[in-house]
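Asker: To start, I am sharing the structure in question, which I have written as structure tokens.
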Amino acid sequence: MIEVVAELSRGPVFLAGEALECVVTVTNPLPPTATSASSEALAWASAQIHCQFHASESRVALPPPDSNQPEVQPESQTVFLPHRGVLVGLYIGLLIARSAVRNHQLLQRGERGQCILSTPPKILFCDLRLEPGESKSYSYSEVLPIEGPPSFRGQSVKYVYKLTIGCQRVNSPITLLRVPLRVLVLTGLQDLRFPQDEAVAPSSPFLEEDEGGKKDSWLTELAGEHLMAATSCRSLHLYNISDGRGKVGTFGIFKSVYRLGEDVVGTLDLGEGTVACLQFSVSLQTEERVQPEYQRRRGAGGAPSVSHVTHARHQESCLHTTRTSFSLPIPLSSTPGFYTAVVSLKWRLHFEFVTSREPGLVLLPPMEQSEPATWTGPEQVPVDTFSWDLPIKVLPTSPTLASYAAPGPSTSTITI
């Protein structure tokens, strides 16, 4: 029996373009007092990052799969390897080099959906033998592809990232350990280039060069600066709200670009309105829309191609209210706006107003009374309702902040 533990060094949330680092520890859990015959051997182990795509059959009409693509290997397949020695390493090397597609599918056995993005598999070790109580650790590092979609679980589609570690004991089936990831995507980073002057700058010959680390650090810093610049600009935007009979009020908001974790703050001025507003509600929503070429026709039994999810809501009775405000938090666990060839996700503020049909509606008792009297409000008030949508833009936040606020499993274990 061998225990394999995969631990993500910095939590399960990453920004596309960052380097994922994982420590894989292989242990023989038997006590050291066990006999030498209790030693365990692993033929090989490899690691790979992939993104699985799931589509709702009732909402999305995908083209038929390419018949030229080889089929996924069955779950029960067993690959028999030579026992120990150099032949194991040579065999694994040939297995990896024979076909990138086959290795990609090898690590995706048992997964549902389509794999739309993957990194080349990397061999962690070959021909490993552990004595009772012995443990060895191996480091895996890979840059998350910047051109991929973000992690998203919607009504129509899902994009799910995982780190898959494949292990095989001698003459035994392959065992897979899958570590879930969350990937945030900042649009526009793929157009940036590593500064040439920094790449060719003189460096100390006594220090090890890490060009990949430089690029990753530079890209992360630039992403942080871009997010700060895009979301820190404040300028008051005013919108007149009216229905067919007149002005209801004025809505004010200081910015239209936010990061995950921020609060959307707005004000509503009803003092200058000519139509009495009895109640209003505002919802922070996402709009998931399937692209026209992938929409399933409603006549064929398909579900609507547009779905809305409410993340926060504020409701208030506002008769005789001159000015009010609201604050809606953007959850750190939600997905920033994005678009792919299949689906797009946008954010908006959805307002619903309830107004009176009677002009000059008064629901307060008269202030001046010559004699004591009993006053009651009207039992019924004829009303109208209407809605209004204001688009906003939501960007990612720091992966470290997202990891702390919405912690997920960063360690996965499997026993072979």
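Ordered as shown in the structure tokens, chains take letters A, B, and onward, while each chain numbers its residues from 1 and ligands are numbered from 1 in the order shown.
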Taking the DSSP secondary structure from the backbone, can you list the residues of stretch 247-325 of chain A that are helix (DSSP H, G or I), as a ChimeraX atom specification?
Answerer: /A:292-294,298-300
Asker: Show me, as a ChimeraX atom specification, the residues that have an atom within 9 Å of A:Met1 when counting only C-alpha atoms, minus same-chain residues fewer than 4 positions from it.
Answerer: /A:27-30,40,415-416
Asker: List as a PyMOL selection string the protein and nucleic acid residues near A:Met228, meaning an atom at most 10 Å away when only C-alpha atoms are counted, but skip any in the same chain fewer than 6 places from it.
Answerer: chain A and resi 222+258-259+397
Asker: Excluding A:Thr411 and its own-chain neighbours fewer than 4 positions away, which residues fall within 7 Å of it when counting only C-alpha atoms? Please give them as a PDB file with all heavy atoms, in the first residue's frame.
Answerer:
ATOM      1  N   VAL A   5      -0.021  12.019  -1.698  1.00  0.00           N
ATOM      2  CA  VAL A   5      -0.618  13.268  -1.239  1.00  0.00           C
ATOM      3  C   VAL A   5      -0.158  14.390  -2.162  1.00  0.00           C
ATOM      4  O   VAL A   5       1.042  14.562  -2.384  1.00  0.00           O
ATOM      5  CB  VAL A   5      -0.245  13.587   0.219  1.00  0.00           C
ATOM      6  CG1 VAL A   5      -0.870  14.904   0.655  1.00  0.00           C
ATOM      7  CG2 VAL A   5      -0.686  12.461   1.142  1.00  0.00           C
ATOM      8  N   ALA A   6      -1.114  15.152  -2.701  1.00  0.00           N
ATOM      9  CA  ALA A   6      -0.819  16.325  -3.530  1.00  0.00           C
ATOM     10  C   ALA A   6      -1.267  17.567  -2.780  1.00  0.00           C
ATOM     11  O   ALA A   6      -2.433  17.688  -2.409  1.00  0.00           O
ATOM     12  CB  ALA A   6      -1.527  16.223  -4.877  1.00  0.00           C
ATOM     13  N   GLU A   7      -0.349  18.501  -2.575  1.00  0.00           N
ATOM     14  CA  GLU A   7      -0.640  19.724  -1.819  1.00  0.00           C
ATOM     15  C   GLU A   7      -0.279  20.941  -2.660  1.00  0.00           C
ATOM     16  O   GLU A   7       0.868  21.083  -3.112  1.00  0.00           O
ATOM     17  CB  GLU A   7       0.139  19.746  -0.500  1.00  0.00           C
ATOM     18  CG  GLU A   7      -0.147  20.984   0.336  1.00  0.00           C
ATOM     19  CD  GLU A   7       0.602  20.980   1.656  1.00  0.00           C
ATOM     20  OE1 GLU A   7       1.365  20.022   1.897  1.00  0.00           O
ATOM     21  OE2 GLU A   7       0.415  21.919   2.444  1.00  0.00           O
ATOM     22  N   LEU A   8      -1.260  21.806  -2.861  1.00  0.00           N
ATOM     23  CA  LEU A   8      -1.022  23.063  -3.567  1.00  0.00           C
ATOM     24  C   LEU A   8      -0.403  24.054  -2.592  1.00  0.00           C
ATOM     25  O   LEU A   8      -0.933  24.287  -1.508  1.00  0.00           O
ATOM     26  CB  LEU A   8      -2.332  23.620  -4.129  1.00  0.00           C
ATOM     27  CG  LEU A   8      -3.035  22.720  -5.153  1.00  0.00           C
ATOM     28  CD1 LEU A   8      -4.392  23.304  -5.529  1.00  0.00           C
ATOM     29  CD2 LEU A   8      -2.177  22.531  -6.386  1.00  0.00           C
TER      30      LEU A   8
END
Asker: What is the atom CA of A:Pro12 to atom CA of A:Tyr404 distance in Å?
Answerer: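 Calculated distance between atom CA of A:Pro12 and atom CA of A:Tyr404 is 9.9 Å.
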Asker: When DSSP is applied to the backbone of this structure, which of stretch 131-190 of chain A are assigned strand (DSSP E)? Write them out as a VMD selection string.
Answerer: chain A and resid 135 to 143 152 to 153 157 to 169 174 to 184
Asker: From the set A:Gly113, A:Pro336, A:Gly246, A:Gly11, which residue has the shortest atom-to-atom contact distance to A:Arg348, counting only C-alpha atoms?
Answerer: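 Selected residue with least distance to A:Arg348: A:Pro336.
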Asker: Fewer than 5 positions away in the same chain doesn't count, so skip those; otherwise give me all residues within 12 Å of A:Pro180, counting only C-alpha atoms, as a count of residues only.
Answerer: 24
Asker: With distances taken over only C-alpha atoms, which residue among A:Gln315, A:Ser333, A:Ser39, A:Gln295 lies nearest A:Ala402?
Answerer: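 Ranked by minimum distance to A:Ala402, first place goes to A:Ser333.
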Asker: Measure the distance from atom CA of A:Thr274 to atom CA of A:Arg313 in Å and round it to one decimal.
Answerer: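 Distance between the two atoms: 26.1 Å.
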